[in-house]
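Just below is one structure, and these are the notes that go with it.
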Amino acid sequence: MASPKTIALDAMGGDHGPEVVIPGAALSLERQPALSFIMYGQQSRIEAMLAQHPALRAKSRVVHTDLVIAMEEKPSQALRRGKGSSMWLPLEAVKSGEADAAVSAGNTGALMAIAKLVLRPIAGIERPAIAALWPTVKSESIVLDVGANIGATAAQLADFSLMGAAMARAVFHIEKPSVGLLNVGTEEMKGNEDVKAAHALLKSIDSLPLNYKGFVEGDQIGQGAVDVVVVEGFAGNIALKTAEGTARQISAYLRAAMTSSLISRLGALLAQGGFRVLKEKMDPRRVNGGTFLGLNGIAVKSHGGTDAFGFASAVDLAYEMADSGLIARLTADIDGFHHRLSAAIGSTPARDATGSLLGKA
């Protein structure tokens with residue numbers, strides 16, 4: 001049975017603010033009746049939208065603030081002037097325990113910077129990562145990092161593997177998810193030194209809460225070769241944007257082909273049921289929501305330009321992770337991994353000032 005959870009919303013975030021956030025929350029509430037909400041932003045605009053959704057109004061509390069982080073604002077500026085904003089306050093609510101998760105469609109860089117400051121990384125985690133759901137021919141997979149970090153050491157890639165596996169347990173309900181490292185080939189000698197070192201590290205530790213499958217290539221992501229694909233953020237973001245662009249390209253090709261002649265249009269009419277299924281499978285709104293993994297709290301980033309359906313998907317994701325006890329399980333996994341790593345190496349690994357493992361294989 002689903003347990004009651006409170007989601008804190010940045011009602012002003014994204015390209016459309018309350019005009020998308022409120023209908024999206026209403027749609028998520030229909031699917032998850034145990035939800036309640038705290039909404040932060042300009043009260044008059046929020047209340048005007050809530051008036052159109054009485055069921056959501058009954059499950060929501062509005063906290064007024066005039067301060068909003070602009071979509072083009074630099075993370076450093078957001079940190080200096082963001083305290084008390086509609087983006088900052090939901091994260092404070094998660095930190096205090098007033099809310100179980102926060103969702104924002106606002107500025108990604110600003111949200112990551114504020115989330116790291118407010119929620120703080122889990123002990124042993126140097127760099128949180130952004131994890132995204134990825135449609136595959138089998139179902140869905142998780143890919144991380146898709147843009148939070150440029151580059152990653154072997155130890156950080158290993159931590160990403162633990163983080164992605166914890167999310168897979170929460171979202172896919174798989175006790176021991178399969179994990180692969182994204183590489184330019186599946187052979188042992190291929191890849192840069194950090195990727196090869198991470199591969200050796202993951203193979204060397206027994207009893208991990210995941211099923212490590214080794215290297216995977218880019219074309220295997222969409223095939224669903226593994227439940228979790230691990231990559232550093234530069235390549236991960238390029239892969240994500242390339243996949244999104246390819247989906248739009250295929251859609252454009254299909255529309256052009258199906259309207260190129262009278263016979264094509266007739267065929268499209270007869271096959272409209274199949275095309276509807278294809279459109280649903282390729283709809284990026286179904287998997288909208290990037291999760292900041294590695295923090296002492298759940299923060300979900302929705303795409304800034306999404307509609308209500310897409311925002312509801314981000315809220316659903318936040319609810320699933322809060323309901324699964326993700327943070328407690330992830331903290332235990334990371335701690336256990338680092339202890340086993342210390343034992344395998346034979347001495348305590350060097351750590352930096354944050355207490356995180358340095359890039360040691």
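Order determines the names: the first chain of the structure tokens is A, the second B, and so forth; residues in each chain are numbered 1 upward, and ligands are numbered 1 upward as they are shown.
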Self-check item: DSSP-assigned strand (DSSP E) members of region 1-129 of chain A, reported as a count of residues only
Solution: 23
Exercise. Using only C-alpha atoms, determine which residues lie at most 8 Å from Asn296 (chain A), disregarding the query and same-chain residues fewer than 6 positions distant; provide the list as a ChimeraX atom specification.
Key: /A:95,119-122,327
Practice problem: Would you mind writing down, as a ChimeraX atom specification, each residue of region 163-297 of chain A that DSSP on the backbone assigns to helix (DSSP H, G or I)? | Solution: /A:163-172,193-204,218-220,233-258,262-270,272-282,284-287
Compile the contact shell of Met163 (chain A) as a short mmCIF file (atom, residue, chain, number, x, y, z; two decimals) with N, CA and C atoms, in the first residue's frame: residues with an atom at most 9 Å away, counting only C-alpha atoms, same-chain residues fewer than 4 positions apart removed.
data_model
loop_
_atom_site.label_atom_id
_atom_site.label_comp_id
_atom_site.auth_asym_id
_atom_site.auth_seq_id
_atom_site.Cartn_x
_atom_site.Cartn_y
_atom_site.Cartn_z
N ALA A 129 25.39 13.05 -8.99
CA ALA A 129 25.20 12.86 -10.42
C ALA A 129 23.74 13.04 -10.78
N ALA A 131 20.78 11.51 -12.79
CA ALA A 131 20.35 10.24 -13.39
C ALA A 131 19.06 10.45 -14.16
N LEU A 144 23.42 7.52 -15.91
CA LEU A 144 24.03 8.58 -15.12
C LEU A 144 25.54 8.49 -15.26
N ALA A 158 32.56 4.29 -9.90
CA ALA A 158 32.09 3.17 -9.07
C ALA A 158 30.95 3.64 -8.16
N ASP A 159 31.09 4.82 -7.57
CA ASP A 159 30.02 5.36 -6.74
C ASP A 159 28.75 5.60 -7.57
N MET A 167 18.75 3.57 -7.35
CA MET A 167 17.59 4.16 -8.02
C MET A 167 16.81 3.08 -8.78
N ALA A 168 17.52 2.15 -9.42
CA ALA A 168 16.85 1.08 -10.16
C ALA A 168 16.00 0.22 -9.23
N LEU A 293 21.31 12.33 -7.69
CA LEU A 293 21.66 11.24 -6.80
C LEU A 293 22.95 11.55 -6.04
N GLY A 294 23.01 11.10 -4.79
CA GLY A 294 24.19 11.30 -3.98
C GLY A 294 24.03 12.38 -2.93
N LEU A 330 20.63 3.85 -0.18
CA LEU A 330 21.81 4.30 -0.91
C LEU A 330 22.95 4.61 0.05
N ASP A 333 24.46 1.37 1.10
CA ASP A 333 25.20 0.75 -0.01
C ASP A 333 26.57 1.40 -0.18
N ILE A 334 26.60 2.73 -0.17
CA ILE A 334 27.85 3.46 -0.36
C ILE A 334 28.82 3.16 0.78
#
Exercise. List the neighbours of Val171 (chain A) out to 8 Å using only C-alpha atoms; skip same-chain residues closer than 4 positions along the sequence, and give me the result as a ChimeraX atom specification.
Key: /A:167,317,320-321
Quiz item: Which value, in Å to one decimal, gives the distance between CA of Ile125 (chain A) and CA of Gln156 (chain A)?
Solution: 7.8 Å
Self-check item: Among listed residues A:Gly304, A:Ala70, A:Ser251, A:Pro128, nearest Glu280 (chain A) (using only C-alpha atoms)
Solution: A:Ser251
Quiz item: Which of these residues is nearest to Gly236 (chain A), using only C-alpha atoms: A:Ala257, A:Ala132, A:Ala198, A:Ile250?
Solution: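 That would be A:Ala132, the residue with the smallest distance to Gly236 (chain A).
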Kindly provide the residues of region 108-148 of chain A that approach region 202-223 of chain A to within 7 Å, each paired with its closest atom pair and their distance in Å to one decimal, based on only C-alpha atoms, listed by chain and increasing number, as JSON lines.
{"residue": "A:Pro135", "atom": "CA", "partner": "A:Gly222", "partner_atom": "CA", "distance": 6.6}
{"residue": "A:Thr136", "atom": "CA", "partner": "A:Gly222", "partner_atom": "CA", "distance": 4.4}
{"residue": "A:Val137", "atom": "CA", "partner": "A:Gln223", "partner_atom": "CA", "distance": 5.4}
{"residue": "A:Lys138", "atom": "CA", "partner": "A:Gln223", "partner_atom": "CA", "distance": 6.9}
Let me see the file: selected residues, N, CA, C and O atoms, as an mmCIF file, in the first residue's frame.
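Result went into part14.cif, see below:
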data_model
loop_
_atom_site.group_PDB
_atom_site.id
_atom_site.type_symbol
_atom_site.label_atom_id
_atom_site.label_comp_id
_atom_site.auth_asym_id
_atom_site.auth_seq_id
_atom_site.Cartn_x
_atom_site.Cartn_y
_atom_site.Cartn_z
ATOM 1 N N PRO A 135 14.215 5.324 -22.307
ATOM 2 C CA PRO A 135 13.387 4.276 -22.926
ATOM 3 C C PRO A 135 14.254 3.279 -23.686
ATOM 4 O O PRO A 135 15.228 3.655 -24.342
ATOM 5 N N THR A 136 13.904 2.005 -23.595
ATOM 6 C CA THR A 136 14.614 0.959 -24.336
ATOM 7 C C THR A 136 13.592 0.048 -25.015
ATOM 8 O O THR A 136 12.392 0.143 -24.746
ATOM 9 N N VAL A 137 14.083 -0.833 -25.869
ATOM 10 C CA VAL A 137 13.168 -1.753 -26.554
ATOM 11 C C VAL A 137 12.557 -2.745 -25.582
ATOM 12 O O VAL A 137 11.504 -3.335 -25.857
ATOM 13 N N LYS A 138 13.196 -2.937 -24.425
ATOM 14 C CA LYS A 138 12.655 -3.842 -23.413
ATOM 15 C C LYS A 138 11.724 -3.115 -22.459
ATOM 16 O O LYS A 138 10.635 -3.572 -22.169
#
Practice problem: May I have the residues within 12 Å of Arg286 (chain A) as number ranges by chain, using only C-alpha atoms and disregarding those fewer than 3 positions away in the same chain? | Solution: A: 132-135, 139-140, 279-283, 289, 302-303, 306-317
Would you kindly return, as a tab-separated table (two decimals) with N, CA, C and O atoms, in the first residue's frame, each protein, DNA or RNA residue with an atom no farther than 6 Å from any atom of Met12 (chain A), considering only C-alpha atoms and excluding same-chain residues fewer than 3 positions away?
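Result file selection.tsv:
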chain	number	residue	atom	x	y	z
A	17	GLY	N	5.93	28.05	-15.41
A	17	GLY	CA	5.56	28.28	-14.01
A	17	GLY	C	4.29	27.55	-13.60
A	17	GLY	O	4.05	26.40	-14.00
A	18	PRO	N	3.44	28.20	-12.79
A	18	PRO	CA	2.25	27.54	-12.24
A	18	PRO	C	1.29	27.00	-13.30
A	18	PRO	O	0.55	26.05	-13.03
A	41	GLY	N	6.05	29.97	-4.27
A	41	GLY	CA	6.06	30.92	-5.37
A	41	GLY	C	5.09	32.05	-5.12
A	41	GLY	O	4.68	32.32	-3.99
